[in-house]
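Data from start_38.tsv: TSV, C-alpha atoms
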```
chain	number	residue	atom	x	y	z
A	41	MET	CA	86.29	116.13	70.77
A	42	ASN	CA	85.93	113.32	68.21
A	43	ARG	CA	82.45	114.53	67.35
A	44	LYS	CA	83.75	118.05	66.68
A	45	ARG	CA	86.57	116.68	64.49
A	46	PHE	CA	84.05	114.52	62.61
A	47	LEU	CA	81.78	117.52	61.92
A	48	VAL	CA	84.72	119.61	60.74
A	49	SER	CA	85.79	116.77	58.42
A	50	ILE	CA	82.28	116.48	56.97
A	51	LEU	CA	82.13	120.25	56.43
A	52	ALA	CA	85.55	120.27	54.73
A	53	ALA	CA	84.54	117.37	52.48
A	54	GLY	CA	81.33	119.19	51.56
A	55	CYS	CA	83.25	122.34	50.61
A	56	PHE	CA	85.70	120.29	48.57
A	57	ILE	CA	82.90	118.55	46.66
A	58	ALA	CA	81.01	121.83	46.13
A	59	THR	CA	84.16	123.45	44.71
A	60	PHE	CA	84.58	120.72	42.15
A	61	MET	CA	80.93	120.90	41.16
A	62	VAL	CA	81.24	124.63	40.37
A	63	ILE	CA	84.67	124.68	38.69
A	64	PRO	CA	83.91	122.32	35.76
A	65	SER	CA	81.37	124.65	34.15
A	66	THR	CA	83.99	127.40	33.85
A	67	VAL	CA	86.85	125.08	32.97
A	68	ASN	CA	84.79	123.23	30.37
A	69	ALA	CA	83.77	126.48	28.67
A	70	GLN	CA	87.39	127.67	28.55
A	71	ALA	CA	88.46	124.32	27.16
A	72	ASP	CA	85.52	124.25	24.75
A	73	SER	CA	87.15	124.49	21.34
A	74	ARG	CA	83.87	125.62	19.74
A	75	VAL	CA	83.75	128.74	21.91
A	76	ALA	CA	87.49	129.46	21.56
A	77	ASN	CA	87.45	129.00	17.76
A	78	SER	CA	84.33	131.11	17.30
A	79	MET	CA	85.73	133.90	19.50
A	80	ALA	CA	88.96	133.94	17.46
A	81	SER	CA	86.91	134.04	14.25
A	82	LEU	CA	84.65	136.87	15.48
A	83	LYS	CA	87.61	139.00	16.52
A	84	ALA	CA	89.54	138.28	13.30
A	85	MET	CA	86.56	139.18	11.06
A	86	ALA	CA	86.04	142.42	12.99
A	87	ALA	CA	89.76	143.28	12.87
A	88	LYS	CA	89.78	142.86	9.06
A	89	LEU	CA	87.27	145.72	8.90
A	90	GLY	CA	89.44	148.02	11.04
A	91	ALA	CA	89.89	149.23	14.61
A	92	PRO	CA	86.79	149.48	16.82
A	93	LYS	CA	85.42	152.91	17.70
A	94	LEU	CA	82.20	154.54	18.87
A	95	GLU	CA	80.89	157.44	16.79
A	96	GLY	CA	77.47	159.00	17.08
A	97	LYS	CA	74.28	157.15	18.02
A	98	GLU	CA	71.81	154.87	16.30
A	99	ALA	CA	68.62	153.15	17.46
A	100	VAL	CA	68.81	149.37	17.82
A	101	GLY	CA	65.74	147.41	18.76
A	102	GLY	CA	64.00	150.62	19.85
A	103	LYS	CA	66.88	151.65	22.14
A	104	ASP	CA	69.24	154.57	21.46
A	105	ALA	CA	72.82	153.25	21.49
A	106	PRO	CA	76.30	154.47	20.61
A	107	ALA	CA	77.17	153.53	17.01
A	108	LEU	CA	79.91	150.91	16.82
A	109	TYR	CA	82.30	150.95	13.88
A	110	PHE	CA	85.16	148.70	12.83
A	111	GLY	CA	87.10	151.00	10.53
A	112	PRO	CA	84.52	152.54	8.18
A	113	ALA	CA	81.97	149.72	8.66
A	114	LYS	CA	79.04	150.55	10.95
A	115	ILE	CA	78.04	147.49	12.99
A	116	ASN	CA	74.76	148.63	14.60
A	117	ASN	CA	71.91	146.75	12.86
A	118	ASN	CA	74.45	145.05	10.55
A	119	PHE	CA	74.48	141.27	10.98
A	120	ASP	CA	77.04	140.18	8.38
A	121	VAL	CA	79.85	139.35	10.82
A	122	VAL	CA	77.74	137.72	13.56
A	123	ASP	CA	75.88	135.63	10.99
A	124	ALA	CA	79.15	134.54	9.34
A	125	VAL	CA	80.54	133.37	12.71
A	126	SER	CA	77.28	131.59	13.54
A	127	LYS	CA	77.28	129.77	10.18
A	128	GLU	CA	80.92	128.70	10.46
A	129	ASP	CA	80.14	126.49	13.44
A	130	GLY	CA	76.91	125.16	11.97
A	131	LYS	CA	75.76	123.84	15.36
A	132	GLY	CA	73.85	126.65	17.03
A	133	MET	CA	76.67	129.11	17.75
A	134	THR	CA	75.57	132.67	18.42
A	135	ALA	CA	77.62	135.86	18.28
A	136	THR	CA	77.10	139.43	19.47
A	137	PHE	CA	78.74	142.83	19.50
A	138	PHE	CA	77.82	144.85	22.59
A	139	VAL	CA	78.52	148.58	23.01
A	140	LYS	CA	79.06	150.36	26.29
A	141	SER	CA	76.45	153.00	27.04
A	142	GLY	CA	76.90	154.43	30.53
A	143	ASP	CA	76.87	151.41	32.83
A	144	GLU	CA	75.03	149.17	30.32
A	145	TYR	CA	76.23	147.00	27.47
A	146	ILE	CA	73.70	146.97	24.62
A	147	ARG	CA	73.46	144.31	21.88
A	148	VAL	CA	73.83	146.26	18.64
A	149	SER	CA	74.49	143.28	16.35
A	150	THR	CA	73.58	139.73	17.31
A	151	SER	CA	72.47	136.34	16.13
A	152	VAL	CA	70.94	135.60	19.57
A	153	PRO	CA	67.18	135.18	19.09
A	154	LYS	CA	64.58	136.85	21.27
A	155	PRO	CA	63.08	134.39	23.78
A	156	ASP	CA	59.74	134.44	21.93
A	157	GLY	CA	61.46	133.73	18.59
A	158	SER	CA	60.22	136.98	17.04
A	159	GLY	CA	63.62	138.07	15.75
A	160	ARG	CA	67.07	139.08	16.96
A	161	ALA	CA	67.64	140.28	20.52
A	162	ILE	CA	69.13	143.62	19.43
A	163	GLY	CA	68.64	146.48	21.86
A	164	THR	CA	68.66	144.14	24.87
A	165	ILE	CA	71.33	144.58	27.54
A	166	LEU	CA	73.89	142.28	29.11
A	167	ASP	CA	72.68	141.14	32.54
A	168	PRO	CA	74.06	143.82	34.90
A	169	ALA	CA	74.16	141.31	37.77
A	170	GLY	CA	75.65	138.45	35.74
A	171	LYS	CA	79.02	136.71	36.07
A	172	ALA	CA	80.32	138.00	32.74
A	173	ILE	CA	79.91	141.71	33.49
A	174	ALA	CA	81.97	141.48	36.69
A	175	GLU	CA	85.00	140.25	34.71
A	176	ILE	CA	84.48	142.66	31.81
A	177	LYS	CA	84.39	145.62	34.22
A	178	GLN	CA	87.87	144.55	35.33
A	179	GLY	CA	89.03	144.41	31.70
A	180	LYS	CA	89.19	140.60	31.78
A	181	PRO	CA	87.54	137.99	29.54
A	182	PHE	CA	84.89	135.64	30.91
A	183	TYR	CA	84.32	132.07	29.77
A	184	GLY	CA	81.63	129.98	31.39
A	185	GLU	CA	78.01	129.00	31.57
A	186	VAL	CA	75.52	131.86	31.95
A	187	PRO	CA	71.82	132.38	31.30
A	188	ILE	CA	71.09	134.53	28.25
A	189	LEU	CA	67.56	135.89	28.14
A	190	GLY	CA	66.46	132.95	30.31
A	191	SER	CA	68.30	130.08	28.54
A	192	PRO	CA	71.61	128.49	29.66
A	193	TYR	CA	74.54	129.04	27.26
A	194	ILE	CA	78.20	128.01	27.17
A	195	THR	CA	79.84	131.37	26.48
A	196	GLY	CA	82.87	133.53	25.94
A	197	TYR	CA	82.94	137.30	26.50
A	198	GLU	CA	85.98	139.46	25.81
A	199	PRO	CA	86.36	143.21	26.32
A	200	MET	CA	86.52	145.35	23.17
A	201	LYS	CA	88.94	148.26	23.48
A	202	ASP	CA	89.40	151.39	21.41
A	203	GLY	CA	92.77	152.79	20.31
A	204	GLY	CA	93.24	154.39	23.74
A	205	GLY	CA	92.74	151.11	25.59
A	206	ASN	CA	89.28	152.02	26.91
A	207	VAL	CA	86.64	149.29	27.06
A	208	ILE	CA	83.95	150.40	24.58
A	209	GLY	CA	82.14	147.10	24.08
A	210	ILE	CA	82.20	143.32	24.30
A	211	TYR	CA	82.77	140.46	21.87
A	212	TYR	CA	80.50	137.50	22.66
A	213	VAL	CA	80.09	133.97	21.33
A	214	GLY	CA	78.16	131.05	22.77
A	215	TYR	CA	75.75	128.24	22.24
A	216	LYS	CA	72.72	126.86	24.09
A	217	LYS	CA	73.57	124.17	26.57
```
Any chance you could put this one into C-alpha coordinates?
Amino acid sequence: MNRKRFLVSILAAGCFIATFMVIPSTVNAQADSRVANSMASLKAMAAKLGAPKLEGKEAVGGKDAPALYFGPAKINNNFDVVDAVSKEDGKGMTATFFVKSGDEYIRVSTSVPKPDGSGRAIGTILDPAGKAIAEIKQGKPFYGEVPILGSPYITGYEPMKDGGGNVIGIYYVGYKK
(Lines of atoms letter the chains of each structure in order from A and count residues from 1; the text may use other names and numbers.)
(Lines give C-alpha, C1' and ligand atoms only; values in the text may rest on other atoms or scores of the structure.)
Protein backbone atom coordinates (compact mmCIF):
# COMPACT_ATOMS: atom_id res chain seq x y z
CA MET A 1 0.00 0.00 0.00
CA ASN A 2 2.81 2.43 0.86
CA ARG A 3 4.51 1.66 -2.43
CA LYS A 4 1.32 2.48 -4.36
CA ARG A 5 0.89 5.76 -2.43
CA PHE A 6 4.55 6.62 -3.11
CA LEU A 7 4.13 6.03 -6.87
CA VAL A 8 0.96 8.12 -6.96
CA SER A 9 2.78 10.93 -5.11
CA ILE A 10 5.68 10.82 -7.57
CA LEU A 11 3.26 10.90 -10.51
CA ALA A 12 1.34 13.84 -9.02
CA ALA A 13 4.58 15.74 -8.39
CA GLY A 14 5.68 15.08 -11.97
CA CYS A 15 2.40 16.44 -13.35
CA PHE A 16 2.67 19.49 -11.11
CA ILE A 17 6.22 20.23 -12.28
CA ALA A 18 5.31 19.63 -15.94
CA THR A 19 2.39 22.06 -15.65
CA PHE A 20 4.62 24.81 -14.36
CA MET A 21 7.18 24.19 -17.08
CA VAL A 22 4.54 24.68 -19.80
CA ILE A 23 2.60 27.61 -18.32
CA PRO A 24 5.44 30.17 -18.15
CA SER A 25 5.90 30.38 -21.92
CA THR A 26 2.27 31.46 -22.36
CA VAL A 27 2.18 33.66 -19.27
CA ASN A 28 5.47 35.34 -20.15
CA ALA A 29 4.28 36.16 -23.67
CA GLN A 30 1.03 37.65 -22.33
CA ALA A 31 2.99 39.66 -19.79
CA ASP A 32 5.58 40.64 -22.40
CA SER A 33 5.12 44.38 -22.77
CA ARG A 34 6.90 44.37 -26.15
CA VAL A 35 4.28 42.06 -27.65
CA ALA A 36 1.34 43.85 -25.99
CA ASN A 37 2.58 47.33 -27.02
CA SER A 38 3.31 46.27 -30.59
CA MET A 39 -0.10 44.59 -30.94
CA ALA A 40 -1.83 47.77 -29.69
CA SER A 41 0.23 49.82 -32.15
CA LEU A 42 -0.52 47.50 -35.11
CA LYS A 43 -4.26 47.59 -34.43
CA ALA A 44 -4.29 51.37 -33.86
CA MET A 45 -2.40 52.09 -37.12
CA ALA A 46 -4.76 49.83 -39.05
CA ALA A 47 -7.85 51.39 -37.42
CA LYS A 48 -6.67 54.88 -38.45
CA LEU A 49 -6.96 53.73 -42.06
CA GLY A 50 -10.53 52.47 -41.60
CA ALA A 51 -12.52 49.31 -40.93
CA PRO A 52 -11.13 46.00 -42.23
CA LYS A 53 -12.82 44.32 -45.18
CA LEU A 54 -12.07 41.79 -47.90
CA GLU A 55 -12.74 42.86 -51.49
CA GLY A 56 -11.59 41.04 -54.59
CA LYS A 57 -8.37 39.05 -54.90
CA GLU A 58 -4.70 39.80 -55.42
CA ALA A 59 -1.63 37.60 -55.76
CA VAL A 60 0.81 37.70 -52.84
CA GLY A 61 4.04 35.76 -53.02
CA GLY A 62 2.71 33.76 -55.96
CA LYS A 63 -0.49 32.78 -54.12
CA ASP A 64 -3.97 34.09 -54.97
CA ALA A 65 -5.46 35.67 -51.82
CA PRO A 66 -8.46 37.78 -50.86
CA ALA A 67 -7.54 41.49 -50.94
CA LEU A 68 -7.50 43.04 -47.46
CA TYR A 69 -8.45 46.69 -47.06
CA PHE A 70 -8.55 49.02 -44.08
CA GLY A 71 -10.92 51.69 -45.32
CA PRO A 72 -9.72 52.62 -48.83
CA ALA A 73 -6.14 51.39 -48.23
CA LYS A 74 -5.29 48.03 -49.81
CA ILE A 75 -2.94 46.05 -47.54
CA ASN A 76 -1.91 43.14 -49.80
CA ASN A 77 1.73 43.71 -50.84
CA ASN A 78 1.76 47.02 -48.88
CA PHE A 79 4.29 46.99 -46.04
CA ASP A 80 3.94 50.50 -44.62
CA VAL A 81 2.06 49.53 -41.44
CA VAL A 82 3.98 46.32 -40.63
CA ASP A 83 7.30 48.08 -41.20
CA ALA A 84 6.26 51.02 -39.00
CA VAL A 85 5.35 48.65 -36.14
CA SER A 86 8.59 46.72 -36.59
CA LYS A 87 10.66 49.93 -36.48
CA GLU A 88 8.90 51.28 -33.39
CA ASP A 89 10.27 48.46 -31.26
CA GLY A 90 13.73 48.59 -32.82
CA LYS A 91 14.63 45.17 -31.40
CA GLY A 92 13.55 42.60 -33.98
CA MET A 93 9.76 42.88 -33.72
CA THR A 94 7.85 41.49 -36.69
CA ALA A 95 4.26 42.16 -37.73
CA THR A 96 1.83 40.55 -40.15
CA PHE A 97 -1.67 40.88 -41.54
CA PHE A 98 -3.19 37.50 -42.44
CA VAL A 99 -6.38 37.07 -44.50
CA LYS A 100 -8.75 34.15 -44.26
CA SER A 101 -9.02 32.15 -47.47
CA GLY A 102 -11.15 29.04 -46.98
CA ASP A 103 -9.54 27.22 -44.05
CA GLU A 104 -6.15 28.95 -44.48
CA TYR A 105 -4.77 32.23 -43.22
CA ILE A 106 -2.37 33.78 -45.75
CA ARG A 107 0.29 36.41 -44.99
CA VAL A 108 -0.57 39.32 -47.28
CA SER A 109 1.61 41.94 -45.57
CA THR A 110 4.50 41.03 -43.29
CA SER A 111 7.90 41.95 -41.99
CA VAL A 112 8.64 38.27 -41.20
CA PRO A 113 11.58 37.20 -43.37
CA LYS A 114 11.64 33.99 -45.39
CA PRO A 115 13.79 31.33 -43.69
CA ASP A 116 16.44 31.63 -46.43
CA GLY A 117 16.56 35.43 -46.04
CA SER A 118 15.48 36.02 -49.64
CA GLY A 119 12.73 38.48 -48.78
CA ARG A 120 9.41 38.72 -46.95
CA ALA A 121 7.36 35.61 -46.19
CA ILE A 122 4.26 36.90 -48.02
CA GLY A 123 2.01 34.24 -49.49
CA THR A 124 2.94 31.74 -46.76
CA ILE A 125 0.22 30.38 -44.49
CA LEU A 126 -0.27 30.21 -40.75
CA ASP A 127 0.55 26.72 -39.48
CA PRO A 128 -2.82 24.90 -39.69
CA ALA A 129 -1.79 22.57 -36.85
CA GLY A 130 -0.31 25.29 -34.62
CA LYS A 131 -1.43 26.54 -31.21
CA ALA A 132 -2.44 29.98 -32.50
CA ILE A 133 -4.94 28.78 -35.10
CA ALA A 134 -6.91 26.76 -32.55
CA GLU A 135 -7.63 29.90 -30.52
CA ILE A 136 -8.29 32.10 -33.56
CA LYS A 137 -10.87 29.61 -34.86
CA GLN A 138 -12.73 30.13 -31.57
CA GLY A 139 -12.55 33.91 -32.04
CA LYS A 140 -10.01 34.26 -29.22
CA PRO A 141 -6.54 35.85 -29.18
CA PHE A 142 -3.42 33.74 -28.67
CA TYR A 143 -0.27 34.87 -26.90
CA GLY A 144 2.62 32.48 -26.49
CA GLU A 145 5.70 30.92 -27.97
CA VAL A 146 5.29 29.28 -31.38
CA PRO A 147 7.57 28.31 -34.25
CA ILE A 148 7.25 30.56 -37.29
CA LEU A 149 8.71 29.08 -40.46
CA GLY A 150 11.01 26.94 -38.30
CA SER A 151 12.19 29.57 -35.77
CA PRO A 152 10.82 30.06 -32.22
CA TYR A 153 9.02 33.39 -31.65
CA ILE A 154 7.30 35.08 -28.70
CA THR A 155 4.00 36.07 -30.31
CA GLY A 156 0.58 37.60 -30.16
CA TYR A 157 -2.25 36.77 -32.58
CA GLU A 158 -5.65 38.45 -32.49
CA PRO A 159 -8.65 37.80 -34.72
CA MET A 160 -9.53 40.52 -37.25
CA LYS A 161 -13.27 40.96 -37.71
CA ASP A 162 -15.30 42.74 -40.36
CA GLY A 163 -18.29 45.00 -39.66
CA GLY A 164 -20.53 41.94 -39.30
CA GLY A 165 -18.32 40.36 -36.64
CA ASN A 166 -16.94 37.65 -38.94
CA VAL A 167 -13.28 36.67 -38.59
CA ILE A 168 -11.67 37.71 -41.89
CA GLY A 169 -8.02 37.73 -40.85
CA ILE A 170 -5.46 37.90 -38.07
CA TYR A 171 -3.27 40.61 -36.56
CA TYR A 172 0.15 39.23 -35.58
CA VAL A 173 3.22 40.60 -33.81
CA GLY A 174 6.22 38.77 -32.42
CA TYR A 175 9.94 38.52 -32.10
CA LYS A 176 12.52 35.72 -32.34
CA LYS A 177 13.25 34.08 -29.04
Between A:Ile115, A:Ala135, A:Leu108, A:Val152, which is the closest to Gly196 (chain A) once you count all atoms listed in the file? A:Ala135
Compute the distance from (85.8, 130.4, 15.1) to each atom, counting only C-alpha atoms, keep the residues with any atom at most 10 Å away, and return them as a PDB file with C-alpha atoms, keeping the file's coordinate frame; use the coordinates of the file.
```pdb
ATOM      1  CA  SER A  73      87.150 124.490  21.340  1.00  0.00           C
ATOM      2  CA  ARG A  74      83.870 125.620  19.740  1.00  0.00           C
ATOM      3  CA  VAL A  75      83.750 128.740  21.910  1.00  0.00           C
ATOM      4  CA  ALA A  76      87.490 129.460  21.560  1.00  0.00           C
ATOM      5  CA  ASN A  77      87.450 129.000  17.760  1.00  0.00           C
ATOM      6  CA  SER A  78      84.330 131.110  17.300  1.00  0.00           C
ATOM      7  CA  MET A  79      85.730 133.900  19.500  1.00  0.00           C
ATOM      8  CA  ALA A  80      88.960 133.940  17.460  1.00  0.00           C
ATOM      9  CA  SER A  81      86.910 134.040  14.250  1.00  0.00           C
ATOM     10  CA  LEU A  82      84.650 136.870  15.480  1.00  0.00           C
ATOM     11  CA  LYS A  83      87.610 139.000  16.520  1.00  0.00           C
ATOM     12  CA  ALA A  84      89.540 138.280  13.300  1.00  0.00           C
ATOM     13  CA  MET A  85      86.560 139.180  11.060  1.00  0.00           C
ATOM     14  CA  ALA A 124      79.150 134.540   9.340  1.00  0.00           C
ATOM     15  CA  VAL A 125      80.540 133.370  12.710  1.00  0.00           C
ATOM     16  CA  SER A 126      77.280 131.590  13.540  1.00  0.00           C
ATOM     17  CA  LYS A 127      77.280 129.770  10.180  1.00  0.00           C
ATOM     18  CA  GLU A 128      80.920 128.700  10.460  1.00  0.00           C
ATOM     19  CA  ASP A 129      80.140 126.490  13.440  1.00  0.00           C
ATOM     20  CA  MET A 133      76.670 129.110  17.750  1.00  0.00           C
ATOM     21  CA  VAL A 213      80.090 133.970  21.330  1.00  0.00           C
TER      22      VAL A 213
END
```
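Across the model, the gap from CA of Lys140 (chain A) to CA of Lys177 (chain A) is 10.7 Å.
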One decimal, in Å: what's the spacing between CA of Leu94 (chain A) and CA of Arg160 (chain A)?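 Answer for the CA of Leu94 (chain A) to CA of Arg160 (chain A) separation: 21.7 Å.
With distances restricted to only C-alpha atoms, A:Phe138 is the closest residue to Ile173 (chain A) from A:Phe138, A:Phe119, A:Tyr215, A:Tyr193.
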Ref. answer, residues at most 12 Å from (87.7, 145.2, 34.5) with only C-alpha atoms, as an MDAnalysis selection string: chainID A and resid 172:182 198:201 205:210
Which of these residues is nearest to Lys216 (chain A), using all atoms listed in the file: A:Gly111, A:Gly163, A:Gly132, A:Pro155? A:Gly132
How many Å lie between CA of Tyr109 (chain A) and CA of Pro192 (chain A), rounded to one decimal? 29.5 Å
